[in-house]
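The block underneath contains the structure these notes are about, expressed in structure tokens.
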Amino acid sequence: MNKHDLVVSLSERLSLTQSQSVEIVNAWEGVLSDALQSGERLTLQGFGTFRPWKQSFRAGRNPRTGESCPIAPRTSVRFKVGKNLLRAMNKR
């Protein structure tokens with residue numbers, strides 16, 4: 001599923017126009033991005049938790065040449081799945 005598919009699915013489930021659904025998805029992206037950039041974690045009870053984490057400097061390797069190259073430190077995002085989502089994914 002990509003962003004367009006999400007917008008279409010949201011508009012169908014909530015009986016909204018696709019432009020309203022785009023606004024909702026964009027607002028969600030903005031809220032999540034702002035929270036993570038400020039170092040906060042965002043928890044949706046039962047769904048999961050998004051949190052920023054700092055990756056440290058490490059040595060990498062160019063797979064074509066085998067030459068080692070440095071990988072600069074950066075901030076990334078981790079997602080830990082919630083119990084309800086995990087149960088829903090593993091129903092049999």
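Following the order of the structure tokens, first chain is A, next is B, and so on, with residues numbered from 1 inside each chain and ligands from 1 in the order they appear.
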
Polymer residues at most 7 Å from stretch 1-10 of chain A, only C-alpha atoms, same-chain spacing of 6 or more positions, as a PyMOL selection string: chain A and resi 18+21-22

Limited to N, CA, C and O atoms, could you put the picked residues into a file as a tab-separated table (two decimals), in the first residue's frame?
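Just written: selection-v7.tsv:
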chain	number	residue	atom	x	y	z
A	18	GLN	N	-11.50	12.53	-1.23
A	18	GLN	CA	-10.08	12.19	-1.25
A	18	GLN	C	-9.21	13.38	-0.86
A	18	GLN	O	-8.18	13.21	-0.22
A	21	SER	N	-9.11	13.42	2.83
A	21	SER	CA	-8.25	12.33	3.30
A	21	SER	C	-6.77	12.69	3.13
A	21	SER	O	-5.95	12.37	3.99
A	22	VAL	N	-6.43	13.37	2.03
A	22	VAL	CA	-5.05	13.81	1.82
A	22	VAL	C	-4.64	14.77	2.93
A	22	VAL	O	-3.53	14.68	3.46

Which of chain A DSSP labels alpha helix (DSSP H), written as an MDAnalysis selection string: chainID A and resid 3:14 18:37 83:89

Those in chain A with strand (DSSP E or B) from DSSP, as an NGL selection string: :A and (42-44 or 48-55 or 58-61 or 68-71 or 74-81)

Residue nearest A:Leu36 - candidates A:Arg92, A:Lys80, A:Arg61, A:Arg51, atoms counted: only C-alpha atoms: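 Nearest candidate to A:Leu36 out of A:Arg92, A:Lys80, A:Arg61, A:Arg51: A:Arg51.
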